>>> print(open('upload-v8.txt').read())   # compact mmCIF, N, CA, C and O atoms
# COMPACT_ATOMS: atom_id res chain seq x y z
N MET N 992 -14.29 33.95 39.48
CA MET N 992 -13.86 35.16 38.78
C MET N 992 -14.02 34.98 37.28
O MET N 992 -13.61 33.98 36.71
N THR N 993 -14.61 35.93 36.65
CA THR N 993 -14.82 35.90 35.21
C THR N 993 -13.59 36.46 34.50
O THR N 993 -13.05 37.49 34.89
N VAL N 994 -13.19 35.77 33.46
CA VAL N 994 -12.06 36.21 32.66
C VAL N 994 -12.58 37.21 31.63
O VAL N 994 -13.58 36.96 30.96
N THR N 995 -11.91 38.33 31.51
CA THR N 995 -12.34 39.35 30.56
C THR N 995 -11.87 39.02 29.15
O THR N 995 -10.93 38.23 28.96
N ASN N 996 -12.53 39.63 28.17
CA ASN N 996 -12.13 39.42 26.78
C ASN N 996 -10.68 39.85 26.57
O ASN N 996 -9.94 39.22 25.81
N LYS N 997 -10.27 40.91 27.23
CA LYS N 997 -8.89 41.41 27.11
C LYS N 997 -7.91 40.35 27.60
O LYS N 997 -6.87 40.10 26.96
N GLU N 998 -8.23 39.70 28.72
CA GLU N 998 -7.34 38.65 29.25
C GLU N 998 -7.27 37.46 28.30
O GLU N 998 -6.19 36.89 28.08
N ILE N 999 -8.41 37.11 27.72
CA ILE N 999 -8.42 36.01 26.75
C ILE N 999 -7.60 36.37 25.53
O ILE N 999 -6.79 35.58 25.04
N GLN N 1000 -7.77 37.60 25.03
CA GLN N 1000 -7.01 38.05 23.86
C GLN N 1000 -5.51 38.08 24.17
O GLN N 1000 -4.70 37.73 23.31
N ASP N 1001 -5.13 38.46 25.38
CA ASP N 1001 -3.72 38.45 25.78
C ASP N 1001 -3.17 37.03 25.78
O ASP N 1001 -2.05 36.79 25.33
N GLN N 1002 -3.98 36.09 26.30
CA GLN N 1002 -3.55 34.69 26.32
C GLN N 1002 -3.38 34.16 24.90
O GLN N 1002 -2.43 33.44 24.60
N ILE N 1003 -4.32 34.52 24.03
CA ILE N 1003 -4.25 34.09 22.63
C ILE N 1003 -2.99 34.64 21.97
O ILE N 1003 -2.27 33.92 21.28
N ALA N 1004 -2.69 35.91 22.20
CA ALA N 1004 -1.49 36.53 21.61
C ALA N 1004 -0.23 35.84 22.11
O ALA N 1004 0.70 35.59 21.32
N GLU N 1005 -0.20 35.50 23.39
CA GLU N 1005 0.97 34.83 23.96
C GLU N 1005 1.14 33.43 23.34
O GLU N 1005 2.25 33.02 22.99
N LEU N 1006 0.03 32.71 23.21
CA LEU N 1006 0.09 31.37 22.61
C LEU N 1006 0.52 31.43 21.15
O LEU N 1006 1.30 30.59 20.69
N LYS N 1007 0.04 32.42 20.43
CA LYS N 1007 0.45 32.56 19.02
C LYS N 1007 1.94 32.83 18.92
O LYS N 1007 2.62 32.30 18.03
N SER N 1008 2.45 33.65 19.82
CA SER N 1008 3.89 33.94 19.85
C SER N 1008 4.68 32.66 20.13
O SER N 1008 5.69 32.38 19.47
N ASP N 1009 4.22 31.89 21.12
CA ASP N 1009 4.87 30.61 21.44
C ASP N 1009 4.82 29.67 20.24
O ASP N 1009 5.79 28.98 19.94
N TYR N 1010 3.67 29.63 19.57
CA TYR N 1010 3.48 28.75 18.42
C TYR N 1010 4.49 29.08 17.33
O TYR N 1010 5.14 28.18 16.78
N ILE N 1011 4.64 30.36 17.05
CA ILE N 1011 5.58 30.80 16.00
C ILE N 1011 7.02 30.42 16.39
O ILE N 1011 7.79 29.93 15.56
N ARG N 1012 7.37 30.62 17.66
CA ARG N 1012 8.71 30.28 18.13
C ARG N 1012 8.96 28.78 18.01
O ARG N 1012 10.00 28.35 17.50
N ILE N 1013 8.00 27.98 18.45
CA ILE N 1013 8.16 26.52 18.40
C ILE N 1013 8.21 26.04 16.95
O ILE N 1013 8.98 25.13 16.62
N GLN N 1014 7.40 26.64 16.09
CA GLN N 1014 7.42 26.27 14.67
C GLN N 1014 8.81 26.53 14.08
O GLN N 1014 9.33 25.71 13.32
N GLY N 1015 9.42 27.64 14.44
CA GLY N 1015 10.78 27.93 13.99
C GLY N 1015 11.78 26.92 14.51
O GLY N 1015 12.67 26.46 13.78
N ASP N 1016 11.62 26.55 15.79
CA ASP N 1016 12.49 25.53 16.39
C ASP N 1016 12.31 24.20 15.66
O ASP N 1016 13.28 23.50 15.39
N LEU N 1017 11.06 23.87 15.35
CA LEU N 1017 10.76 22.62 14.68
C LEU N 1017 11.45 22.57 13.31
O LEU N 1017 12.03 21.55 12.94
N ASP N 1018 11.39 23.70 12.60
CA ASP N 1018 12.04 23.77 11.29
C ASP N 1018 13.55 23.52 11.42
O ASP N 1018 14.14 22.81 10.60
N LYS N 1019 14.15 24.10 12.45
CA LYS N 1019 15.60 23.91 12.66
C LYS N 1019 15.90 22.45 13.02
O LYS N 1019 16.88 21.87 12.52
N ILE N 1020 15.09 21.87 13.90
CA ILE N 1020 15.29 20.48 14.31
C ILE N 1020 15.16 19.55 13.10
O ILE N 1020 15.95 18.64 12.90
N GLU N 1021 14.12 19.82 12.29
CA GLU N 1021 13.88 19.02 11.09
C GLU N 1021 15.05 19.12 10.12
O GLU N 1021 15.48 18.12 9.54
N ALA N 1022 15.58 20.32 9.96
CA ALA N 1022 16.68 20.54 9.02
C ALA N 1022 17.94 19.80 9.44
O ALA N 1022 18.74 19.40 8.59
N THR N 1023 18.11 19.60 10.74
CA THR N 1023 19.30 18.90 11.23
C THR N 1023 19.05 17.42 11.44
O THR N 1023 19.92 16.70 11.92
N GLY N 1024 17.84 16.96 11.09
CA GLY N 1024 17.53 15.54 11.20
C GLY N 1024 17.19 15.10 12.60
O GLY N 1024 17.23 13.91 12.92
N GLY N 1025 16.83 16.04 13.46
CA GLY N 1025 16.50 15.71 14.85
C GLY N 1025 15.09 15.18 15.00
O GLY N 1025 14.30 15.13 14.06
N ASN N 1026 14.77 14.78 16.22
CA ASN N 1026 13.45 14.24 16.55
C ASN N 1026 12.49 15.40 16.78
O ASN N 1026 12.68 16.20 17.69
N VAL N 1027 11.45 15.47 15.97
CA VAL N 1027 10.51 16.60 16.03
C VAL N 1027 9.24 16.29 16.82
O VAL N 1027 8.38 17.14 16.96
N SER N 1028 9.12 15.09 17.36
CA SER N 1028 7.86 14.68 17.99
C SER N 1028 7.50 15.56 19.19
O SER N 1028 6.31 15.90 19.37
N ASN N 1029 8.46 15.96 20.00
CA ASN N 1029 8.16 16.80 21.16
C ASN N 1029 7.64 18.18 20.72
O ASN N 1029 6.65 18.67 21.26
N ALA N 1030 8.27 18.76 19.73
CA ALA N 1030 7.83 20.06 19.23
C ALA N 1030 6.45 19.95 18.60
O ALA N 1030 5.60 20.83 18.77
N GLU N 1031 6.19 18.85 17.89
CA GLU N 1031 4.88 18.65 17.28
C GLU N 1031 3.80 18.52 18.34
O GLU N 1031 2.70 19.05 18.19
N LYS N 1032 4.11 17.83 19.44
CA LYS N 1032 3.16 17.70 20.54
C LYS N 1032 2.85 19.06 21.16
O LYS N 1032 1.70 19.36 21.48
N GLN N 1033 3.89 19.87 21.33
CA GLN N 1033 3.69 21.21 21.88
C GLN N 1033 2.79 22.04 20.97
O GLN N 1033 1.91 22.76 21.45
N LEU N 1034 3.00 21.95 19.66
CA LEU N 1034 2.17 22.68 18.71
C LEU N 1034 0.72 22.22 18.79
O LEU N 1034 -0.21 23.05 18.76
N GLN N 1035 0.49 20.93 18.92
CA GLN N 1035 -0.86 20.40 19.03
C GLN N 1035 -1.54 20.90 20.31
O GLN N 1035 -2.72 21.26 20.29
N GLN N 1036 -0.78 20.95 21.41
CA GLN N 1036 -1.34 21.45 22.67
C GLN N 1036 -1.72 22.92 22.54
O GLN N 1036 -2.78 23.33 23.02
N ILE N 1037 -0.89 23.69 21.89
CA ILE N 1037 -1.18 25.12 21.70
C ILE N 1037 -2.42 25.28 20.83
O ILE N 1037 -3.28 26.12 21.11
N GLU N 1038 -2.52 24.47 19.77
CA GLU N 1038 -3.69 24.55 18.89
C GLU N 1038 -4.97 24.26 19.69
O GLU N 1038 -5.98 24.95 19.52
N THR N 1039 -4.93 23.27 20.57
CA THR N 1039 -6.08 22.93 21.40
C THR N 1039 -6.43 24.08 22.33
O THR N 1039 -7.60 24.44 22.48
N GLN N 1040 -5.41 24.68 22.94
CA GLN N 1040 -5.64 25.81 23.84
C GLN N 1040 -6.22 27.00 23.08
O GLN N 1040 -7.12 27.68 23.58
N LEU N 1041 -5.70 27.25 21.88
CA LEU N 1041 -6.21 28.37 21.07
C LEU N 1041 -7.68 28.16 20.71
O LEU N 1041 -8.48 29.10 20.76
N LYS N 1042 -8.04 26.93 20.34
CA LYS N 1042 -9.44 26.65 20.00
C LYS N 1042 -10.33 26.92 21.20
O LYS N 1042 -11.40 27.52 21.06
N ALA N 1043 -9.91 26.47 22.38
CA ALA N 1043 -10.71 26.66 23.59
C ALA N 1043 -10.85 28.14 23.92
O ALA N 1043 -11.94 28.61 24.27
N LEU N 1044 -9.76 28.89 23.80
CA LEU N 1044 -9.81 30.32 24.10
C LEU N 1044 -10.66 31.08 23.09
O LEU N 1044 -11.42 31.98 23.46
N ASN N 1045 -10.57 30.72 21.82
CA ASN N 1045 -11.39 31.36 20.80
C ASN N 1045 -12.87 31.07 21.03
O ASN N 1045 -13.72 31.95 20.85
N THR N 1046 -13.18 29.85 21.45
CA THR N 1046 -14.56 29.50 21.77
C THR N 1046 -15.04 30.32 22.96
O THR N 1046 -16.14 30.87 22.95
N GLN N 1047 -14.20 30.42 23.98
CA GLN N 1047 -14.54 31.20 25.17
C GLN N 1047 -14.76 32.68 24.81
O GLN N 1047 -15.69 33.30 25.29
N LEU N 1048 -13.90 33.19 23.96
CA LEU N 1048 -14.01 34.58 23.53
C LEU N 1048 -15.33 34.80 22.77
O LEU N 1048 -16.02 35.78 23.01
N ALA N 1049 -15.67 33.88 21.90
CA ALA N 1049 -16.92 33.99 21.14
C ALA N 1049 -18.14 33.92 22.06
O ALA N 1049 -19.13 34.63 21.84
N GLU N 1050 -18.06 33.12 23.10
CA GLU N 1050 -19.18 32.98 24.04
C GLU N 1050 -19.35 34.22 24.90
O GLU N 1050 -20.44 34.51 25.35
N ASN N 1051 -18.26 34.96 25.12
CA ASN N 1051 -18.31 36.17 25.95
C ASN N 1051 -18.92 37.34 25.22
O ASN N 1051 -19.27 38.34 25.84
N LYS N 1052 -19.00 37.26 23.91
CA LYS N 1052 -19.49 38.41 23.14
C LYS N 1052 -21.01 38.49 23.19
O LYS N 1052 -21.73 37.63 23.41
>>> encode(input="upload-v8.txt", output="structure tokens")
Amino acid sequence: MTVTNKEIQDQIAELKSDYIRIQGDLDKIEATGGNVSNAEKQLQQIETQLKALNTQLAENK
């Protein structure tokens, strides 16, 4: 099954929303002196997923 551009764009929007939420959480954790490594790993995973989806979107055009 081929993924449509709309589905890719929806996935990208969802990941961006997650990224913003996690970034806010990271800021709060950092401010309280907590361990930020898990949040940083999540952000890196999202960045990787976004790159892959953007590449896929560009290839579909």
>>> residues_around(input="upload-v8.txt", residues="Ile999 of chain N", least_positions_apart="4", cutoff="7 Å", atoms="all atoms listed in the file", output="list of chain:residue names")
N:Val994, N:Thr995, N:Ile1003, N:Ala1004, N:Glu1005, N:Leu1044, N:Asn1045, N:Leu1048
>>> atom_distance(input="upload-v8.txt", atom1="atom CA of Asn996 of chain N", atom2="atom N of Leu1041 of chain N")
14.6 Å
>>> atom_distance(input="upload-v8.txt", atom1="atom CA of Glu1031 of chain N", atom2="atom CA of Gln1047 of chain N")
24.4 Å
>>> closest_residue(input="upload-v8.txt", among="N:Tyr1010, N:Lys1052, N:Lys1042, N:Gln1002", to="Ala1030 of chain N", atoms="all atoms listed in the file")
N:Tyr1010
>>> atom_distance(input="upload-v8.txt", atom1="atom C of Glu1038 of chain N", atom2="atom CA of Leu1006 of chain N")
9.2 Å
>>> closest_residue(input="upload-v8.txt", among="N:Leu1034, N:Ile1013, N:Gly1025, N:Asn1051", to="Lys997 of chain N", atoms="only C-alpha atoms")
N:Asn1051
>>> select_by_dssp(input="upload-v8.txt", residues="chain N", states="helix (DSSP H, G or I)", output="VMD selection string")
chain N and resid 996 to 1022 1028 to 1051
>>> axis_aligned_box(input="upload-v8.txt", around="segment 1014-1024 of chain N", padding_each_side="3 Å", output="JSON")
{"center_x": 13.7, "center_y": 20.9, "center_z": 12.5, "size_x": 18.5, "size_y": 20.0, "size_z": 13.8}
>>> closest_residue(input="upload-v8.txt", among="N:Glu1050, N:Asp1009, N:Asp1001, N:Asp1018", to="Ile1037 of chain N", atoms="only N, CA, C and O atoms")
N:Asp1009
>>> closest_residue(input="upload-v8.txt", among="N:Lys1007, N:Glu1021, N:Arg1012, N:Ser1028", to="Gln1040 of chain N", atoms="only C-alpha atoms")
N:Lys1007
